[in-house]
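As provided, work_32.txt (compact mmCIF, C-alpha atoms (C1' of nucleotides)) reads as follows.
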# COMPACT_ATOMS: atom_id res chain seq x y z
CA MET A 1 0.00 0.00 0.00
CA ALA A 2 2.83 2.41 0.68
CA ILE A 3 4.84 3.23 -2.39
CA ASP A 4 8.58 3.65 -2.52
CA HIS A 5 10.68 6.07 -4.45
CA LEU A 6 10.92 3.90 -7.55
CA ASP A 7 7.14 3.52 -7.65
CA GLY A 8 6.86 7.26 -7.38
CA ARG A 9 9.29 7.89 -10.20
CA LEU A 10 7.50 5.34 -12.34
CA ILE A 11 4.10 6.91 -11.81
CA VAL A 12 5.41 10.39 -12.50
CA LEU A 13 7.12 9.14 -15.64
CA LEU A 14 3.96 7.45 -16.85
CA ALA A 15 1.98 10.59 -16.11
CA ARG A 16 4.34 12.72 -18.15
CA GLU A 17 4.75 10.37 -21.09
CA PRO A 18 1.92 7.90 -21.02
CA ARG A 19 2.65 6.30 -24.36
CA ILE A 20 6.04 4.96 -23.45
CA GLY A 21 6.21 1.22 -22.96
CA VAL A 22 7.72 -0.92 -20.28
CA LEU A 23 11.06 -1.16 -22.05
CA GLU A 24 11.47 2.55 -22.53
CA ALA A 25 10.40 3.19 -18.95
CA SER A 26 13.03 0.78 -17.68
CA ARG A 27 15.67 2.66 -19.63
CA ARG A 28 14.55 6.00 -18.25
CA LEU A 29 14.47 4.77 -14.68
CA GLY A 30 17.72 2.86 -14.99
CA VAL A 31 16.31 -0.46 -13.82
CA ALA A 32 15.65 -3.80 -15.44
CA ARG A 33 12.63 -4.32 -17.59
CA GLY A 34 11.28 -7.04 -15.35
CA THR A 35 11.38 -4.66 -12.42
CA VAL A 36 9.23 -2.11 -14.15
CA GLN A 37 6.85 -4.83 -15.22
CA ALA A 38 6.60 -6.15 -11.66
CA ARG A 39 6.10 -2.67 -10.21
CA MET A 40 3.36 -1.84 -12.65
CA ASP A 41 1.58 -5.10 -11.95
CA ARG A 42 1.81 -4.48 -8.25
CA LEU A 43 0.63 -0.89 -8.47
CA GLN A 44 -2.34 -1.98 -10.48
CA SER A 45 -3.36 -4.86 -8.26
CA ASN A 46 -2.86 -2.60 -5.23
CA GLY A 47 -5.32 -0.24 -6.80
CA VAL A 48 -2.86 2.63 -6.67
CA ILE A 49 -3.12 2.79 -10.43
CA ARG A 50 -6.72 2.19 -11.42
CA GLY A 51 -6.03 2.20 -15.11
CA PHE A 52 -4.85 4.22 -18.04
CA GLY A 53 -8.10 5.52 -19.34
CA PRO A 54 -8.04 8.30 -21.92
CA ASP A 55 -8.16 11.71 -20.32
CA VAL A 56 -11.17 13.35 -21.95
CA ASP A 57 -11.63 17.10 -22.01
CA PRO A 58 -15.33 18.00 -21.81
CA ALA A 59 -14.62 21.44 -23.22
CA ALA A 60 -13.22 19.94 -26.40
CA LEU A 61 -16.32 17.78 -26.63
CA GLY A 62 -18.47 20.86 -26.71
CA TYR A 63 -19.16 21.20 -22.98
CA PRO A 64 -17.05 24.21 -21.96
CA VAL A 65 -19.11 25.16 -18.90
CA THR A 66 -18.43 23.47 -15.59
CA ALA A 67 -20.42 23.97 -12.39
CA PHE A 68 -20.70 22.51 -8.94
CA ALA A 69 -24.15 22.00 -7.49
CA THR A 70 -24.94 21.40 -3.85
CA LEU A 71 -28.15 19.45 -3.45
CA GLU A 72 -30.41 19.17 -0.46
CA ILE A 73 -32.13 15.82 -0.37
CA LYS A 74 -35.43 14.83 1.18
CA GLN A 75 -34.95 12.35 4.00
CA GLY A 76 -34.73 8.77 2.83
CA GLN A 77 -34.62 9.65 -0.86
CA GLY A 78 -30.86 9.37 -1.16
CA ALA A 79 -30.76 6.15 -3.12
CA ASP A 80 -33.36 7.33 -5.63
CA VAL A 81 -31.55 10.59 -6.18
CA ARG A 82 -28.26 8.79 -6.75
CA ALA A 83 -29.89 6.56 -9.32
CA HIS A 84 -31.46 9.54 -11.01
CA LEU A 85 -28.26 11.54 -11.21
CA ALA A 86 -26.34 8.55 -12.51
CA THR A 87 -28.55 8.63 -15.61
CA VAL A 88 -27.65 12.23 -16.44
CA ALA A 89 -24.61 12.31 -18.69
CA GLU A 90 -23.74 15.86 -17.72
CA VAL A 91 -23.25 14.79 -14.12
CA LEU A 92 -19.55 13.96 -14.14
CA GLU A 93 -19.29 13.01 -10.50
CA LEU A 94 -21.40 12.89 -7.40
CA HIS A 95 -20.46 12.89 -3.73
CA THR A 96 -22.44 12.69 -0.56
CA ILE A 97 -21.05 15.18 1.91
CA THR A 98 -21.31 16.39 5.45
CA GLY A 99 -22.77 19.76 6.21
CA HIS A 100 -26.04 21.37 5.25
CA GLY A 101 -26.18 20.36 1.66
CA ASP A 102 -26.34 16.61 1.27
CA MET A 103 -24.74 16.02 -2.07
CA LEU A 104 -22.24 17.77 -4.25
CA CYS A 105 -22.06 17.14 -7.95
CA ARG A 106 -19.95 18.34 -10.82
CA LEU A 107 -21.85 19.32 -13.94
CA VAL A 108 -20.91 20.33 -17.42
CA ALA A 109 -22.99 22.07 -20.05
CA ARG A 110 -22.73 23.34 -23.59
CA SER A 111 -23.23 26.97 -22.52
CA ASN A 112 -24.50 28.99 -19.62
CA ALA A 113 -27.95 28.79 -21.11
CA ASP A 114 -27.61 25.05 -21.51
CA LEU A 115 -26.58 24.82 -17.88
CA GLN A 116 -30.08 25.86 -16.98
CA ARG A 117 -31.43 22.86 -18.86
CA VAL A 118 -28.97 20.55 -17.11
CA ILE A 119 -29.84 21.92 -13.69
CA ASP A 120 -33.54 21.59 -14.41
CA ARG A 121 -32.93 18.02 -15.38
CA VAL A 122 -30.91 17.39 -12.24
CA VAL A 123 -33.27 19.00 -9.77
CA GLY A 124 -36.44 17.98 -11.59
CA PHE A 125 -36.72 14.96 -9.40
CA ASP A 126 -38.86 14.37 -6.43
CA GLY A 127 -36.27 13.73 -3.76
CA ILE A 128 -34.39 16.97 -4.33
CA VAL A 129 -35.49 19.87 -2.18
CA ARG A 130 -33.11 22.60 -3.19
CA ALA A 131 -30.01 23.12 -5.25
CA SER A 132 -27.41 25.84 -5.19
CA THR A 133 -25.01 26.14 -8.06
CA ALA A 134 -21.59 27.68 -8.45
CA ILE A 135 -20.26 28.16 -11.96
CA VAL A 136 -16.58 27.58 -12.51
CA MET A 137 -14.79 30.51 -14.05
CA GLU A 138 -11.17 29.48 -13.98
CA ASN A 139 -9.36 26.30 -13.12
CA PRO A 140 -5.97 27.39 -11.81
CA VAL A 141 -5.12 23.89 -10.61
CA PRO A 142 -6.53 21.15 -12.83
CA LEU A 143 -7.01 17.76 -11.25
CA ARG A 144 -3.55 16.46 -10.47
CA PHE A 145 -2.00 13.61 -8.54
CA ILE A 146 1.70 13.95 -9.22
CA PRO A 147 2.53 16.15 -6.23
CA LEU A 148 0.66 13.75 -3.98
CA VAL A 149 2.47 10.77 -5.46
CA GLU A 150 5.79 12.47 -4.94
CA GLN A 151 4.94 13.28 -1.36
CA ALA A 152 3.74 9.74 -0.69
CA SER A 153 6.89 8.23 -2.16
CA ASP A 154 9.12 10.63 -0.22
CA ASP A 155 7.36 9.66 2.98
CA ALA A 156 8.15 6.02 2.30
CA GLY A 157 11.67 5.92 3.65
CA ARG A 158 11.07 7.87 6.81
CA GLY A 159 7.52 6.72 7.57
CA MET B 1 -14.39 19.39 -32.58
CA ALA B 2 -17.59 17.39 -32.79
CA ILE B 3 -17.01 13.67 -32.57
CA ASP B 4 -18.82 11.04 -34.57
CA HIS B 5 -20.01 7.63 -33.62
CA LEU B 6 -16.76 5.89 -34.42
CA ASP B 7 -14.84 8.36 -32.29
CA GLY B 8 -17.25 7.67 -29.49
CA ARG B 9 -16.87 3.93 -29.76
CA LEU B 10 -13.11 4.29 -29.85
CA ILE B 11 -12.98 6.42 -26.72
CA VAL B 12 -15.30 4.08 -24.85
CA LEU B 13 -13.22 1.12 -25.93
CA LEU B 14 -10.02 2.79 -24.80
CA ALA B 15 -11.64 3.69 -21.51
CA ARG B 16 -12.67 0.11 -20.88
CA GLU B 17 -9.46 -1.56 -21.99
CA PRO B 18 -6.73 1.05 -22.03
CA ARG B 19 -3.86 -1.30 -22.67
CA ILE B 20 -5.03 -2.52 -26.06
CA GLY B 21 -3.06 -1.20 -28.99
CA VAL B 22 -4.10 0.34 -32.23
CA LEU B 23 -4.24 -2.97 -34.02
CA GLU B 24 -6.45 -4.67 -31.48
CA ALA B 25 -8.70 -1.63 -31.34
CA SER B 26 -9.15 -1.74 -35.10
CA ARG B 27 -10.22 -5.38 -34.85
CA ARG B 28 -12.72 -4.64 -32.12
CA LEU B 29 -14.22 -1.73 -33.97
CA GLY B 30 -14.23 -3.50 -37.30
CA VAL B 31 -12.28 -0.82 -39.13
CA ALA B 32 -8.85 -0.58 -40.66
CA ARG B 33 -5.82 0.02 -38.54
CA GLY B 34 -4.96 3.25 -40.30
CA THR B 35 -8.41 4.57 -39.49
CA VAL B 36 -7.96 4.01 -35.78
CA GLN B 37 -4.53 5.57 -35.96
CA ALA B 38 -5.88 8.62 -37.76
CA ARG B 39 -8.79 8.98 -35.37
CA MET B 40 -6.58 8.77 -32.34
CA ASP B 41 -4.19 11.33 -33.75
CA ARG B 42 -7.06 13.64 -34.52
CA LEU B 43 -8.68 13.24 -31.12
CA GLN B 44 -5.42 14.04 -29.43
CA SER B 45 -4.57 17.06 -31.50
CA ASN B 46 -8.16 18.25 -31.07
CA GLY B 47 -7.59 18.07 -27.37
CA VAL B 48 -10.58 15.78 -26.90
CA ILE B 49 -8.17 13.22 -25.51
CA ARG B 50 -5.60 15.00 -23.39
CA GLY B 51 -3.55 11.92 -22.73
CA PHE B 52 -3.47 8.52 -21.16
CA GLY B 53 -2.12 9.32 -17.75
CA PRO B 54 -2.27 6.69 -15.06
CA ASP B 55 -5.43 6.94 -13.02
CA VAL B 56 -4.16 7.24 -9.46
CA ASP B 57 -6.35 6.44 -6.47
CA PRO B 58 -5.45 8.71 -3.54
CA ALA B 59 -7.09 6.29 -1.11
CA ALA B 60 -4.71 3.53 -2.15
CA LEU B 61 -1.84 5.96 -1.67
CA GLY B 62 -2.85 6.44 1.95
CA TYR B 63 -5.14 9.45 1.53
CA PRO B 64 -8.62 7.99 2.04
CA VAL B 65 -10.29 11.24 3.13
CA THR B 66 -11.59 13.65 0.51
CA ALA B 67 -13.09 17.05 1.18
CA PHE B 68 -14.23 20.11 -0.68
CA ALA B 69 -13.35 23.50 0.72
CA THR B 70 -14.95 26.78 -0.27
CA LEU B 71 -12.59 29.67 0.25
CA GLU B 72 -13.34 33.34 0.61
CA ILE B 73 -10.50 35.47 -0.71
CA LYS B 74 -9.42 38.93 0.23
CA GLN B 75 -9.83 41.37 -2.67
CA GLY B 76 -6.89 41.36 -5.00
CA GLN B 77 -5.14 38.41 -3.39
CA GLY B 78 -6.39 35.86 -5.90
CA ALA B 79 -3.11 35.29 -7.66
CA ASP B 80 -1.17 34.85 -4.43
CA VAL B 81 -3.69 32.39 -3.10
CA ARG B 82 -3.57 30.36 -6.30
CA ALA B 83 0.19 30.17 -6.10
CA HIS B 84 0.02 29.17 -2.47
CA LEU B 85 -2.50 26.41 -3.03
CA ALA B 86 -0.57 25.07 -5.99
CA THR B 87 2.28 24.24 -3.63
CA VAL B 88 0.12 22.08 -1.38
CA ALA B 89 0.21 18.49 -2.59
CA GLU B 90 -3.08 17.65 -0.90
CA VAL B 91 -4.87 20.20 -3.05
CA LEU B 92 -5.92 18.06 -5.97
CA GLU B 93 -7.72 20.75 -7.88
CA LEU B 94 -8.73 24.35 -7.54
CA HIS B 95 -11.45 26.36 -9.23
CA THR B 96 -12.50 29.95 -9.05
CA ILE B 97 -16.26 30.12 -8.89
CA THR B 98 -19.19 32.48 -8.90
CA GLY B 99 -21.22 32.99 -5.77
CA HIS B 100 -20.28 33.91 -2.23
CA GLY B 101 -17.24 31.71 -1.84
CA ASP B 102 -14.55 32.68 -4.30
CA MET B 103 -12.71 29.42 -4.77
CA LEU B 104 -13.50 25.77 -4.47
CA CYS B 105 -10.82 23.19 -3.95
CA ARG B 106 -10.67 19.45 -3.59
CA LEU B 107 -8.51 18.18 -0.77
CA VAL B 108 -7.35 14.79 0.39
CA ALA B 109 -5.89 13.76 3.73
CA ARG B 110 -4.60 10.70 5.54
CA SER B 111 -7.39 10.81 8.12
CA ASN B 112 -9.99 13.13 9.50
CA ALA B 113 -7.44 14.33 11.99
CA ASP B 114 -4.93 14.87 9.22
CA LEU B 115 -7.53 16.86 7.33
CA GLN B 116 -7.29 19.47 10.04
CA ARG B 117 -3.58 19.82 9.32
CA VAL B 118 -4.25 20.14 5.59
CA ILE B 119 -6.92 22.75 6.11
CA ASP B 120 -4.68 24.72 8.43
CA ARG B 121 -2.03 24.63 5.80
CA VAL B 122 -4.48 25.75 3.13
CA VAL B 123 -6.08 28.59 5.07
CA GLY B 124 -2.92 29.59 6.88
CA PHE B 125 -2.26 32.19 4.27
CA ASP B 126 -2.85 35.84 4.33
CA GLY B 127 -5.24 36.28 1.45
CA ILE B 128 -7.77 33.75 2.71
CA VAL B 129 -10.53 35.21 4.84
CA ARG B 130 -12.64 32.18 5.56
CA ALA B 131 -13.01 28.56 4.58
CA SER B 132 -15.90 26.17 4.85
CA THR B 133 -15.29 22.50 4.37
CA ALA B 134 -17.48 19.58 3.43
CA ILE B 135 -16.12 16.11 3.95
CA VAL B 136 -16.97 13.50 1.34
CA MET B 137 -18.64 10.44 2.78
CA GLU B 138 -19.57 8.44 -0.28
CA ASN B 139 -18.85 8.78 -3.95
CA PRO B 140 -21.82 7.24 -5.70
CA VAL B 141 -20.70 8.51 -9.10
CA PRO B 142 -16.93 8.60 -9.51
CA LEU B 143 -15.56 10.99 -12.09
CA ARG B 144 -16.69 9.69 -15.46
CA PHE B 145 -16.74 10.84 -19.03
CA ILE B 146 -18.10 7.89 -20.92
CA PRO B 147 -21.77 8.86 -20.74
CA LEU B 148 -20.87 12.33 -21.95
CA VAL B 149 -18.81 10.94 -24.80
CA GLU B 150 -21.66 8.69 -25.83
CA GLN B 151 -24.08 11.57 -25.75
CA ALA B 152 -21.74 13.78 -27.73
CA SER B 153 -21.22 11.13 -30.38
CA ASP B 154 -24.93 10.40 -30.64
CA ASP B 155 -25.59 14.09 -31.14
CA ALA B 156 -23.18 14.12 -34.03
CA GLY B 157 -25.49 12.75 -36.72
CA ARG B 158 -28.51 14.82 -35.88
CA GLY B 159 -26.77 18.00 -34.69
C1' DT C 1 21.23 -21.32 8.43
C1' DA C 2 17.42 -22.21 5.11
C1' DT C 3 13.85 -19.69 2.73
C1' DT C 4 11.58 -16.12 0.57
C1' DT C 5 11.47 -11.98 -2.01
C1' DG C 6 12.92 -8.65 -5.37
C1' DC C 7 16.19 -7.07 -8.94
C1' DT C 8 19.24 -8.16 -12.75
C1' DG C 9 20.51 -9.70 -17.33
C1' DG C 10 19.70 -12.52 -20.98
C1' DG C 11 17.03 -15.06 -24.68
C1' DC C 12 13.15 -16.19 -27.88
C1' DA C 13 8.94 -16.30 -30.62
C1' DA C 14 5.01 -13.64 -31.58
C1' DT C 15 3.15 -9.35 -32.01
C1' DC C 16 2.76 -4.54 -32.75
C1' DT C 17 4.29 -0.01 -34.39
C1' DG C 18 5.63 3.50 -37.62
C1' DC C 19 5.72 4.51 -42.12
C1' DA C 20 4.46 4.16 -46.88
C1' DT C 21 1.63 2.93 -50.95
C1' DA C 22 -2.59 2.46 -53.79
C1' DG C 23 -7.48 1.91 -54.80
C1' DC C 24 -12.14 3.73 -53.81
C1' DA C 25 -16.04 6.35 -52.40
C1' DT C 26 -17.90 10.72 -50.98
C1' DC C 27 -18.28 15.57 -50.66
C1' DC C 28 -17.66 20.29 -52.46
C1' DG C 29 -16.71 24.32 -55.31
C1' DG C 30 -16.50 25.70 -60.00
C1' DC D 1 -20.68 17.31 -64.52
C1' DC D 2 -15.53 17.61 -63.45
C1' DG D 3 -11.29 18.17 -60.62
C1' DG D 4 -9.59 18.04 -56.13
C1' DA D 5 -9.60 17.10 -51.34
C1' DT D 6 -10.67 14.03 -47.75
C1' DG D 7 -11.32 9.74 -45.32
C1' DC D 8 -11.45 4.65 -45.20
C1' DT D 9 -9.67 0.22 -46.73
C1' DA D 10 -6.08 -3.01 -47.55
C1' DT D 11 -1.44 -4.35 -47.66
C1' DG D 12 3.70 -4.57 -46.96
C1' DC D 13 7.97 -4.32 -44.40
C1' DA D 14 11.75 -3.38 -41.12
C1' DG D 15 12.51 -2.53 -36.53
C1' DA D 16 11.00 -2.31 -31.87
C1' DT D 17 8.31 -4.19 -28.13
C1' DT D 18 5.84 -7.55 -25.51
C1' DG D 19 5.00 -11.69 -22.85
C1' DC D 20 7.18 -15.34 -20.95
C1' DC D 21 10.93 -17.96 -19.51
C1' DC D 22 15.22 -18.92 -16.77
C1' DA D 23 19.39 -18.47 -13.53
C1' DG D 24 22.29 -15.75 -10.51
C1' DC D 25 22.49 -12.78 -6.56
C1' DA D 26 21.71 -9.84 -2.56
C1' DA D 27 18.96 -8.65 1.34
C1' DA D 28 15.46 -9.43 4.49
C1' DT D 29 13.02 -13.09 7.21
C1' DA D 30 12.04 -17.15 9.87

Please rewrite the model in this file as structure tokens.
Amino acid sequence: MAIDHLDGRLIVLLAREPRIGVLEASRRLGVARGTVQARMDRLQSNGVIRGFGPDVDPAALGYPVTAFATLEIKQGQGADVRAHLATVAEVLELHTITGHGDMLCRLVARSNADLQRVIDRVVGFDGIVRASTAIVMENPVPLRFIPLVEQASDDAGRG
Amino acid sequence: MAIDHLDGRLIVLLAREPRIGVLEASRRLGVARGTVQARMDRLQSNGVIRGFGPDVDPAALGYPVTAFATLEIKQGQGADVRAHLATVAEVLELHTITGHGDMLCRLVARSNADLQRVIDRVVGFDGIVRASTAIVMENPVPLRFIPLVEQASDDAGRG
DNA sequence: TATTTGCTGGGCAATCTGCATAGCATCCGG
DNA sequence: CCGGATGCTATGCAGATTGCCCAGCAAATA
């Protein structure tokens, strides 16, 4: 579960140049090919690396508007709401959270006007009492894991 | 910029089985290898596919706690705050948003107790007036793009 | 001390990639 | 209706990579 420095370097390398193969990676890291192969297998069965799915940009797909919506759910309707939101393609992720709102979801839309349609679709469901939406203007730090990986692998030695 | 049905099928296929190569993909999709190659090149230069970075799970790295923090920023300190947050490894992403809070960021931590440390680190900076945090309990819909891709590629024909 | 585990270095057959060519069909402006 | 551009198919080939194997070795473990 803990990763060492070599794991860290491997993940960072894969993040930077995803198309390189095992052989090239072993050259870059200065270790044997079998080692890289074993590390990658281990990282994947550990679940540290879930996969290598293509990194899709919603904006390039025609959905340049992102928003976060906090939803207040009627007691006992949680499961139904989850199922409902899972059917909406514009809902990219959904979390249940502590605090006054009950759920937080990330939405995308084709335009600000289209966002209204998406929100109507999201909240147009019985179990949802209220929704409050924040539109994303800028994204100074896009979703990233590398710094965390580096920190985790640095911690390894002196855990 | 718009993607057609074949693009959609290709992306979905890559998402499901990321390690397959161009040749295998062409077999699965029932098209020529050169076609898949051309489509992938186009999708990447379009920016629809940003890359194939490894999908890292923070929980497996030892950071099982996720939270969203809404930050209120002192006028004119935006840039400094961005720079500050970018240096914190536990800040996985940062958005500037409309509404009362000014920024929304996604945090991870090693435990609920550790989250306190992370939050202190995040808000322990001059430009930040106030922070309100929501801890994620469940994640019924993990970050996903496939439904959106399918919708976008279905729209293609009858746009 | 015997055993297990992880890394190295090497080898081999099968496969895949990158690159190039050529034939077709479709779409579009003239 | 024609010329030209574009996109898909089909194929070929040399070189690189993969998956799988083995044996030696060092360090940690029982």

Do you have, as CSV, the list of residues of chain C lying at most 12 Å from chain A, each with its nearest atom pair and that distance in Å to one decimal, counting all atoms listed in the file and ordered by chain then number?
residue,atom,partner,partner_atom,distance
C:DG6,C1',A:Thr35,CA,8.2
C:DC7,C1',A:Thr35,CA,6.4
C:DT8,C1',A:Ala32,CA,6.3
C:DG9,C1',A:Ala32,CA,7.9
C:DG10,C1',A:Ala32,CA,11.1
C:DC16,C1',A:Gly21,CA,11.9
C:DT17,C1',A:Gly21,CA,11.7

Just the residues within 12 Å of DG12 in chain D, please, counting all atoms listed in the file, with nothing from its chain fewer than 5 positions along; format it as a PDB file with C-alpha atoms (C1' of nucleotides), in the coordinates of the input.
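Contents of out_4.pdb, freshly written:
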ATOM      1  C1'  DC C  19       5.720   4.510 -42.120  1.00  0.00           C
ATOM      2  C1'  DA C  20       4.460   4.160 -46.880  1.00  0.00           C
ATOM      3  C1'  DT C  21       1.630   2.930 -50.950  1.00  0.00           C
ATOM      4  C1'  DA C  22      -2.590   2.460 -53.790  1.00  0.00           C
TER       5       DA C  22
END

- Using all atoms listed in the file, find which residues of chain D lie within 12 Å of chain A and jot them down as a ChimeraX atom specification. /D:16-21

Show me, as JSON lines, the residues of chain B having an atom within 7 Å of chain A, each with the closest atom pair and its distance in Å, using all atoms listed in the file.
{"residue": "B:Met1", "atom": "CA", "partner": "A:Ala60", "partner_atom": "CA", "distance": 6.3}
{"residue": "B:Ala2", "atom": "CA", "partner": "A:Leu61", "partner_atom": "CA", "distance": 6.3}
{"residue": "B:Leu14", "atom": "CA", "partner": "A:Gly53", "partner_atom": "CA", "distance": 6.4}
{"residue": "B:Ala15", "atom": "CA", "partner": "A:Gly53", "partner_atom": "CA", "distance": 4.5}
{"residue": "B:Pro18", "atom": "CA", "partner": "A:Gly53", "partner_atom": "CA", "distance": 5.4}
{"residue": "B:Gly47", "atom": "CA", "partner": "A:Ala60", "partner_atom": "CA", "distance": 6.0}
{"residue": "B:Val48", "atom": "CA", "partner": "A:Ala60", "partner_atom": "CA", "distance": 5.0}
{"residue": "B:Ile49", "atom": "CA", "partner": "A:Val56", "partner_atom": "CA", "distance": 4.7}
{"residue": "B:Arg50", "atom": "CA", "partner": "A:Asp55", "partner_atom": "CA", "distance": 5.2}
{"residue": "B:Gly51", "atom": "CA", "partner": "A:Asp55", "partner_atom": "CA", "distance": 5.2}
{"residue": "B:Phe52", "atom": "CA", "partner": "A:Pro54", "partner_atom": "CA", "distance": 4.6}
{"residue": "B:Gly53", "atom": "CA", "partner": "A:Ala15", "partner_atom": "CA", "distance": 4.6}
{"residue": "B:Pro54", "atom": "CA", "partner": "A:Phe52", "partner_atom": "CA", "distance": 4.7}
{"residue": "B:Asp55", "atom": "CA", "partner": "A:Arg50", "partner_atom": "CA", "distance": 5.2}
{"residue": "B:Val56", "atom": "CA", "partner": "A:Ile49", "partner_atom": "CA", "distance": 4.7}
{"residue": "B:Asp57", "atom": "CA", "partner": "A:Val48", "partner_atom": "CA", "distance": 5.2}
{"residue": "B:Ala60", "atom": "CA", "partner": "A:Val48", "partner_atom": "CA", "distance": 5.0}
{"residue": "B:Leu61", "atom": "CA", "partner": "A:Val48", "partner_atom": "CA", "distance": 6.1}
{"residue": "B:Arg82", "atom": "CA", "partner": "A:Pro140", "partner_atom": "CA", "distance": 6.7}
{"residue": "B:Ala86", "atom": "CA", "partner": "A:Val141", "partner_atom": "CA", "distance": 6.6}
{"residue": "B:Ala89", "atom": "CA", "partner": "A:Pro147", "partner_atom": "CA", "distance": 4.9}
{"residue": "B:Glu90", "atom": "CA", "partner": "A:Leu148", "partner_atom": "CA", "distance": 6.2}
{"residue": "B:Leu92", "atom": "CA", "partner": "A:Arg144", "partner_atom": "CA", "distance": 5.3}
{"residue": "B:Glu93", "atom": "CA", "partner": "A:Leu143", "partner_atom": "CA", "distance": 4.6}
{"residue": "B:Leu94", "atom": "CA", "partner": "A:Val141", "partner_atom": "CA", "distance": 4.8}
{"residue": "B:His95", "atom": "CA", "partner": "A:Asn139", "partner_atom": "CA", "distance": 4.4}
{"residue": "B:Thr96", "atom": "CA", "partner": "A:Glu138", "partner_atom": "CA", "distance": 5.1}
{"residue": "B:Ile97", "atom": "CA", "partner": "A:Val136", "partner_atom": "CA", "distance": 4.4}
{"residue": "B:Thr98", "atom": "CA", "partner": "A:Ala134", "partner_atom": "CA", "distance": 5.4}
{"residue": "B:Gly99", "atom": "CA", "partner": "A:Ala134", "partner_atom": "CA", "distance": 6.0}
{"residue": "B:Ala134", "atom": "CA", "partner": "A:Thr98", "partner_atom": "CA", "distance": 5.4}
{"residue": "B:Ile135", "atom": "CA", "partner": "A:Thr98", "partner_atom": "CA", "distance": 5.4}
{"residue": "B:Val136", "atom": "CA", "partner": "A:Ile97", "partner_atom": "CA", "distance": 4.4}
{"residue": "B:Met137", "atom": "CA", "partner": "A:Ile97", "partner_atom": "CA", "distance": 5.4}
{"residue": "B:Glu138", "atom": "CA", "partner": "A:Thr96", "partner_atom": "CA", "distance": 5.1}
{"residue": "B:Asn139", "atom": "CA", "partner": "A:His95", "partner_atom": "CA", "distance": 4.4}
{"residue": "B:Pro140", "atom": "CA", "partner": "A:Leu94", "partner_atom": "CA", "distance": 5.9}
{"residue": "B:Val141", "atom": "CA", "partner": "A:Leu94", "partner_atom": "CA", "distance": 4.8}
{"residue": "B:Pro142", "atom": "CA", "partner": "A:Glu93", "partner_atom": "CA", "distance": 5.1}
{"residue": "B:Leu143", "atom": "CA", "partner": "A:Glu93", "partner_atom": "CA", "distance": 4.5}
{"residue": "B:Arg144", "atom": "CA", "partner": "A:Leu92", "partner_atom": "CA", "distance": 5.3}
{"residue": "B:Phe145", "atom": "CA", "partner": "A:Leu92", "partner_atom": "CA", "distance": 6.4}
{"residue": "B:Pro147", "atom": "CA", "partner": "A:Ala89", "partner_atom": "CA", "distance": 4.9}
{"residue": "B:Leu148", "atom": "CA", "partner": "A:Ala89", "partner_atom": "CA", "distance": 5.0}
{"residue": "B:Ala152", "atom": "CA", "partner": "A:Leu61", "partner_atom": "CA", "distance": 6.8}

- Record the distance separating CA of Leu6 in chain A and CA of Gly30 in chain A, expressed in Å with one decimal.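 Those two atoms sit 10.1 Å apart.
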
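Restricting the calculation to only C-alpha atoms, the smallest distance between Glu72 in chain B and any of B:Ser111, B:Arg130, B:Ser26, B:Val122 is found for B:Arg130.
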
- Task: Work out how far apart CA of Gly8 in chain A and CA of Leu107 in chain B are and give it in Å to one decimal.
- Result: 20.0 Å

- Message: Report, in Å to a single decimal, how far apart CA of Ala109 in chain A and CA of Arg121 in chain A are.
- Response: 11.7 Å
